[in-house]
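Below is entry-v8.tsv, holding TSV, C-alpha atoms.
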```
chain	number	residue	atom	x	y	z
A	1	LYS	CA	77.46	66.21	11.47
A	2	GLN	CA	76.12	63.91	8.79
A	3	GLU	CA	78.00	63.86	5.48
A	4	VAL	CA	76.74	62.06	2.40
A	5	THR	CA	79.07	61.12	-0.43
A	6	GLN	CA	78.20	59.78	-3.83
A	7	ILE	CA	80.60	57.97	-6.10
A	8	PRO	CA	81.17	58.28	-8.98
A	9	ALA	CA	80.38	61.92	-9.66
A	10	ALA	CA	79.69	61.10	-13.30
A	11	LEU	CA	79.13	57.90	-15.23
A	12	SER	CA	78.66	57.15	-18.91
A	13	VAL	CA	77.49	53.72	-20.03
A	14	PRO	CA	76.15	52.16	-23.23
A	15	GLU	CA	72.47	51.35	-23.40
A	16	GLY	CA	71.50	47.99	-21.93
A	17	GLU	CA	74.21	47.87	-19.32
A	18	ASN	CA	73.47	47.18	-15.67
A	19	LEU	CA	74.98	49.74	-13.32
A	20	VAL	CA	75.43	50.57	-9.66
A	21	LEU	CA	75.49	53.99	-8.04
A	22	ASN	CA	77.02	54.32	-4.61
A	23	CYS	CA	76.09	56.43	-1.61
A	24	SER	CA	77.84	56.53	1.74
A	25	PHE	CA	77.01	58.41	4.94
A	26	THR	CA	79.10	59.08	8.01
A	27	ASP	CA	76.47	58.79	10.76
A	28	SER	CA	74.58	55.50	10.78
A	29	ALA	CA	71.76	56.84	13.01
A	30	ILE	CA	69.46	57.44	10.08
A	31	TYR	CA	65.69	57.14	9.94
A	32	ASN	CA	65.48	56.52	6.22
A	33	LEU	CA	67.33	56.99	2.96
A	34	GLN	CA	65.77	58.30	-0.21
A	35	TRP	CA	66.98	58.12	-3.81
A	36	PHE	CA	65.94	60.86	-6.21
A	37	ARG	CA	66.34	61.57	-9.87
A	38	GLN	CA	66.85	65.11	-11.17
A	39	ASP	CA	66.60	65.95	-14.84
A	40	PRO	CA	68.34	69.12	-16.09
A	41	GLY	CA	66.40	72.22	-15.10
A	42	LYS	CA	63.76	70.14	-13.36
A	43	GLY	CA	62.73	69.25	-9.84
A	44	LEU	CA	63.47	66.07	-7.93
A	45	THR	CA	61.55	62.88	-8.52
A	46	SER	CA	61.50	60.39	-5.67
A	47	LEU	CA	62.58	56.95	-6.83
A	48	LEU	CA	62.83	54.81	-3.73
A	49	LEU	CA	62.69	55.26	0.02
A	50	ILE	CA	64.28	52.71	2.34
A	51	GLN	CA	63.41	52.75	6.02
A	52	SER	CA	66.32	52.14	8.40
A	53	SER	CA	64.89	48.73	9.30
A	54	GLN	CA	64.82	47.61	5.66
A	55	ARG	CA	67.60	46.12	3.57
A	56	GLU	CA	66.30	46.91	0.11
A	57	GLN	CA	63.49	48.31	-1.99
A	58	THR	CA	62.61	47.60	-5.60
A	59	SER	CA	60.69	49.53	-8.21
A	60	GLY	CA	60.73	48.23	-11.75
A	61	ARG	CA	64.32	48.17	-13.00
A	62	LEU	CA	65.57	49.93	-9.87
A	63	ASN	CA	66.77	48.26	-6.72
A	64	ALA	CA	68.11	50.16	-3.75
A	65	SER	CA	69.94	48.47	-0.90
A	66	LEU	CA	70.85	49.78	2.52
A	67	ASP	CA	73.59	48.65	4.90
A	68	LYS	CA	73.01	50.99	7.79
A	69	SER	CA	75.83	49.70	9.98
A	70	SER	CA	78.44	50.32	7.32
A	71	GLY	CA	76.86	53.58	6.19
A	72	ARG	CA	76.25	52.55	2.59
A	73	SER	CA	73.49	52.38	0.04
A	74	THR	CA	73.53	51.36	-3.59
A	75	LEU	CA	71.12	52.03	-6.40
A	76	TYR	CA	71.14	49.29	-9.02
A	77	ILE	CA	69.71	50.10	-12.43
A	78	ALA	CA	69.07	47.11	-14.68
A	79	ALA	CA	69.14	47.24	-18.47
A	80	SER	CA	69.83	50.96	-18.62
A	81	GLN	CA	68.06	53.12	-21.22
A	82	PRO	CA	68.83	56.58	-22.64
A	83	GLY	CA	65.80	57.84	-20.72
A	84	ASP	CA	67.62	56.98	-17.49
A	85	SER	CA	70.09	59.79	-18.18
A	86	ALA	CA	69.82	62.21	-15.26
A	87	THR	CA	71.49	63.12	-11.99
A	88	TYR	CA	70.79	60.67	-9.19
A	89	LEU	CA	70.76	62.01	-5.65
A	90	CYS	CA	70.94	60.13	-2.40
A	91	ALA	CA	69.57	61.74	0.77
A	92	VAL	CA	69.34	60.62	4.39
A	93	ASP	CA	66.88	61.61	7.07
A	94	MET	CA	68.48	61.51	10.51
A	95	ASP	CA	66.86	59.76	13.43
A	96	THR	CA	66.45	62.99	15.33
A	97	GLY	CA	62.89	63.88	14.46
A	98	ARG	CA	63.97	66.89	12.44
A	99	ARG	CA	62.70	65.43	9.16
A	100	ALA	CA	65.27	67.25	7.05
A	101	LEU	CA	67.16	65.50	4.30
A	102	THR	CA	70.94	65.67	3.99
A	103	PHE	CA	71.88	65.25	0.35
A	104	GLY	CA	74.88	63.89	-1.46
A	105	SER	CA	76.29	65.80	-4.39
A	106	GLY	CA	74.82	63.38	-6.91
A	107	THR	CA	75.96	61.09	-9.72
A	108	ARG	CA	75.41	62.39	-13.24
A	109	LEU	CA	74.47	59.43	-15.43
A	110	GLN	CA	74.61	59.41	-19.22
A	111	VAL	CA	73.29	56.36	-21.03
A	112	GLN	CA	74.51	56.27	-24.62
A	113	PRO	CA	72.10	54.88	-27.24
B	114	ASP	CA	46.94	67.89	-10.55
B	115	THR	CA	50.47	68.89	-9.64
B	116	ALA	CA	51.39	67.64	-6.18
B	117	VAL	CA	53.83	70.38	-5.16
B	118	SER	CA	53.80	73.59	-7.17
B	119	GLN	CA	55.96	76.70	-6.98
B	120	THR	CA	55.65	80.16	-8.49
B	121	PRO	CA	57.40	81.72	-10.20
B	122	LYS	CA	59.56	79.20	-12.04
B	123	TYR	CA	62.13	81.86	-12.91
B	124	LEU	CA	62.88	85.08	-11.08
B	125	VAL	CA	65.43	87.65	-12.21
B	126	THR	CA	65.92	90.68	-10.01
B	127	GLN	CA	68.47	93.25	-8.94
B	128	MET	CA	70.48	93.40	-5.76
B	129	GLY	CA	68.68	95.03	-2.89
B	130	ASN	CA	65.18	94.12	-4.03
B	131	ASP	CA	62.67	92.11	-2.00
B	132	LYS	CA	61.01	89.08	-3.59
B	133	SER	CA	58.73	86.20	-2.67
B	134	ILE	CA	58.41	82.62	-3.86
B	135	LYS	CA	55.19	80.74	-3.30
B	136	CYS	CA	54.68	77.03	-2.72
B	137	GLU	CA	51.52	74.99	-2.52
B	138	GLN	CA	50.95	71.26	-2.02
B	139	ASN	CA	47.73	69.35	-2.59
B	140	LEU	CA	48.88	66.10	-0.99
B	141	GLY	CA	47.32	66.77	2.39
B	142	HIS	CA	50.77	66.77	4.00
B	143	ASP	CA	51.47	68.45	7.32
B	144	THR	CA	55.15	69.19	6.83
B	145	MET	CA	56.70	71.49	4.24
B	146	TYR	CA	60.30	72.45	3.50
B	147	TRP	CA	62.49	74.89	1.64
B	148	TYR	CA	65.79	73.68	0.18
B	149	LYS	CA	68.44	75.66	-1.66
B	150	GLN	CA	70.46	74.21	-4.55
B	151	ASP	CA	73.60	76.22	-5.18
B	152	SER	CA	75.61	76.64	-8.37
B	153	LYS	CA	77.43	73.37	-7.68
B	154	LYS	CA	74.07	71.58	-7.56
B	155	PHE	CA	74.38	70.89	-3.83
B	156	LEU	CA	71.02	70.77	-2.04
B	157	LYS	CA	70.71	72.00	1.52
B	158	ILE	CA	67.78	72.37	3.90
B	159	MET	CA	66.77	75.91	4.83
B	160	PHE	CA	63.47	75.65	6.72
B	161	SER	CA	60.77	73.20	7.61
B	162	TYR	CA	57.28	73.78	8.95
B	163	ASN	CA	54.92	71.30	10.53
B	164	ASN	CA	51.28	72.35	10.72
B	165	LYS	CA	52.29	75.98	10.21
B	166	GLU	CA	54.86	75.81	13.00
B	167	LEU	CA	58.56	76.40	12.31
B	168	ILE	CA	60.56	73.25	13.03
B	169	ILE	CA	63.90	73.88	11.38
B	170	ASN	CA	65.74	77.10	10.68
B	171	GLU	CA	69.11	76.04	9.39
B	172	THR	CA	71.20	79.15	10.16
B	173	VAL	CA	69.72	81.01	7.26
B	174	PRO	CA	70.23	84.81	7.22
B	175	ASN	CA	67.40	86.85	8.70
B	176	ARG	CA	66.75	88.28	5.25
B	177	PHE	CA	64.96	85.01	4.52
B	178	SER	CA	61.55	84.72	6.16
B	179	PRO	CA	59.25	81.78	5.53
B	180	LYS	CA	55.54	82.17	6.07
B	181	SER	CA	52.95	79.42	6.28
B	182	PRO	CA	49.38	80.81	6.09
B	183	ASP	CA	48.02	77.26	6.24
B	184	LYS	CA	49.51	73.79	6.11
B	185	ALA	CA	49.12	73.59	2.32
B	186	HIS	CA	51.21	76.68	1.67
B	187	LEU	CA	54.75	77.71	2.55
B	188	ASN	CA	56.02	80.94	1.05
B	189	LEU	CA	59.56	82.28	1.13
B	190	HIS	CA	60.19	86.01	1.32
B	191	ILE	CA	63.68	87.35	0.75
B	192	ASN	CA	64.67	90.90	1.68
B	193	SER	CA	67.61	92.90	0.35
B	194	LEU	CA	68.65	90.31	-2.19
B	195	GLU	CA	72.36	89.67	-2.65
B	196	LEU	CA	74.31	88.12	-5.51
B	197	GLY	CA	74.98	85.04	-3.38
B	198	ASP	CA	71.27	84.36	-3.13
B	199	SER	CA	71.26	83.26	-6.77
B	200	ALA	CA	70.30	79.59	-6.70
B	201	VAL	CA	67.44	77.23	-7.32
B	202	TYR	CA	64.98	77.06	-4.43
B	203	PHE	CA	62.96	73.90	-3.98
B	204	CYS	CA	59.85	73.45	-1.92
B	205	ALA	CA	58.98	69.97	-0.64
B	206	SER	CA	56.38	68.32	1.53
B	207	SER	CA	55.90	65.11	3.50
B	208	GLN	CA	53.47	63.58	5.94
B	209	GLY	CA	53.47	64.91	9.50
B	210	LEU	CA	56.05	64.24	12.18
B	211	GLN	CA	54.14	61.25	13.56
B	212	ALA	CA	53.55	59.64	10.21
B	213	SER	CA	54.86	56.23	9.24
B	214	SER	CA	56.50	57.48	6.06
B	215	TYR	CA	58.47	60.64	5.55
B	216	GLU	CA	58.95	60.40	1.82
B	217	GLN	CA	59.50	63.92	0.59
B	218	TYR	CA	57.94	65.22	-2.59
B	219	PHE	CA	59.58	68.12	-4.34
B	220	GLY	CA	58.29	70.99	-6.41
B	221	PRO	CA	59.80	71.96	-9.79
B	222	GLY	CA	62.04	74.63	-8.29
B	223	THR	CA	62.37	78.39	-8.67
B	224	ARG	CA	65.54	79.63	-10.34
B	225	LEU	CA	66.47	82.94	-8.74
B	226	THR	CA	69.04	85.12	-10.47
B	227	VAL	CA	70.23	88.26	-8.71
B	228	THR	CA	72.06	90.77	-10.91
```

Output the structure of this file as structure tokens.
Amino acid sequence: KQEVTQIPAALSVPEGENLVLNCSFTDSAIYNLQWFRQDPGKGLTSLLLIQSSQREQTSGRLNASLDKSSGRSTLYIAASQPGDSATYLCAVDMDTGRRALTFGSGTRLQVQP
Amino acid sequence: DTAVSQTPKYLVTQMGNDKSIKCEQNLGHDTMYWYKQDSKKFLKIMFSYNNKELIINETVPNRFSPKSPDKAHLNLHINSLELGDSAVYFCASSQGLQASSYEQYFGPGTRLTVT
């Protein structure tokens, strides 16, 4: 059974700092990995999707990497801003054709102005 | 031009009642999902449909019955509501099972409170 863990559970940084959020999964037979952002009381916004054959994806100040063999992904946020404050969720889609995401419990990020 | 929409956004009801949550996507996707986010913010798959056909039923109680009248809609009906059903329910969609990308797009969620 796939388990997804995110560390740390919460993180507070001053504005402008670069930061890394970690995601690990127990079963490396994944099809893809998706990073989401969730603002309080809101839905999930897809940030980046990495296919299992890819090593990284970039979108603006965000860079997500994937090491499938070791069961790890990182989300790098450059030059953090107060508007980046949210909960960041990592989710994996198993290579079983089920197309259902298994989520981590999230990292709650607070960027202090 | 909301991609995935859900109604209602909030739902407060008493134990034992029956309620429905509606979901619609205008992305032309073939696959739709229901996820449940519990009080600890943990998200878990409940159901998925592909072209109106049930693909995943993740050991959800029979009181929960999804219905897909067409591939743009996936509704969730809940019978005999219990206190433990209180949660936020998210609808999502993605391209079909043979697509090259399975990026999932989520709706805004429906916060269900059972009293």

Compute the chain A side of the contact with chain B at 9 Å, counting all atoms listed in the file, and hand it back as a PDB file with C-alpha atoms, in the coordinates of the input.
```
ATOM      1  CA  ASN A  32      65.480  56.520   6.220  1.00  0.00           C
ATOM      2  CA  GLN A  34      65.770  58.300  -0.210  1.00  0.00           C
ATOM      3  CA  GLY A  41      66.400  72.220 -15.100  1.00  0.00           C
ATOM      4  CA  LYS A  42      63.760  70.140 -13.360  1.00  0.00           C
ATOM      5  CA  GLY A  43      62.730  69.250  -9.840  1.00  0.00           C
ATOM      6  CA  LEU A  44      63.470  66.070  -7.930  1.00  0.00           C
ATOM      7  CA  THR A  45      61.550  62.880  -8.520  1.00  0.00           C
ATOM      8  CA  SER A  46      61.500  60.390  -5.670  1.00  0.00           C
ATOM      9  CA  LEU A  48      62.830  54.810  -3.730  1.00  0.00           C
ATOM     10  CA  LEU A  49      62.690  55.260   0.020  1.00  0.00           C
ATOM     11  CA  GLN A  51      63.410  52.750   6.020  1.00  0.00           C
ATOM     12  CA  ASP A  93      66.880  61.610   7.070  1.00  0.00           C
ATOM     13  CA  GLY A  97      62.890  63.880  14.460  1.00  0.00           C
ATOM     14  CA  ARG A  98      63.970  66.890  12.440  1.00  0.00           C
ATOM     15  CA  ARG A  99      62.700  65.430   9.160  1.00  0.00           C
ATOM     16  CA  ALA A 100      65.270  67.250   7.050  1.00  0.00           C
ATOM     17  CA  LEU A 101      67.160  65.500   4.300  1.00  0.00           C
ATOM     18  CA  THR A 102      70.940  65.670   3.990  1.00  0.00           C
ATOM     19  CA  PHE A 103      71.880  65.250   0.350  1.00  0.00           C
ATOM     20  CA  GLY A 104      74.880  63.890  -1.460  1.00  0.00           C
ATOM     21  CA  SER A 105      76.290  65.800  -4.390  1.00  0.00           C
ATOM     22  CA  GLY A 106      74.820  63.380  -6.910  1.00  0.00           C
TER      23      GLY A 106
END
```

Note to self: Taking 4 positions as the minimum chain separation for residues in the same chain, which residues sit within 9 Å of Leu225 (chain B) when counting all atoms listed in the file? Answer as JSON, numbers by chain.
What the structure shows: {"B": [122, 123, 124, 125, 126, 198, 199, 200, 201, 202]}

Show me the residues close to (78.2, 57.7, -11.0) - anything with an atom within 7 Å, counting all atoms listed in the file - and format the list as a PDB file with C-alpha atoms, in the coordinates of the input.
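Listing of point-v6.pdb after writing:
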```pdb
ATOM      1  CA  ILE A   7      80.600  57.970  -6.100  1.00  0.00           C
ATOM      2  CA  PRO A   8      81.170  58.280  -8.980  1.00  0.00           C
ATOM      3  CA  ALA A   9      80.380  61.920  -9.660  1.00  0.00           C
ATOM      4  CA  ALA A  10      79.690  61.100 -13.300  1.00  0.00           C
ATOM      5  CA  LEU A  11      79.130  57.900 -15.230  1.00  0.00           C
ATOM      6  CA  LEU A  21      75.490  53.990  -8.040  1.00  0.00           C
ATOM      7  CA  THR A 107      75.960  61.090  -9.720  1.00  0.00           C
ATOM      8  CA  ARG A 108      75.410  62.390 -13.240  1.00  0.00           C
ATOM      9  CA  LEU A 109      74.470  59.430 -15.430  1.00  0.00           C
TER      10      LEU A 109
END
```

Margin query: If we draw a sphere of 7 Å around (67.5, 92.3, -0.7), which residues have at least one atom in it when counting all atoms listed in the file? Please report them as a list of chain:residue names.
Written below: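 In the file's frame, the residues around the point are B:Met128, B:Gly129, B:Asn130, B:Asp131, B:Ile191, B:Asn192, B:Ser193, B:Leu194, B:Glu195.
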
Next item on the list: Rounded to one decimal place, report the CA of Val111 (chain A)-CA of Val4 (chain A) distance in Å.
Entry: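 For CA of Val111 (chain A) relative to CA of Val4 (chain A), the distance reads 24.4 Å.
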
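The list of residues with at least one atom within 10 Å of Leu140 (chain B), based on only C-alpha atoms and without residues fewer than 3 positions apart in the same chain, reads Asp114, Thr115, Ala116, Val117, Glu137, Asp143, Ala185, Ser206, Ser207, Gln208 and Tyr218 of chain B.
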
To box region 74-77 of chain A, take all atoms listed in the file, fit an axis-aligned box, add 5 Å on each side, and give centre and edge lengths in Å to one decimal, as lines of an AutoDock Vina configuration file.
```
center_x = 71.6
center_y = 50.7
center_z = -8.0
size_x = 13.8
size_y = 12.7
size_z = 18.8
```
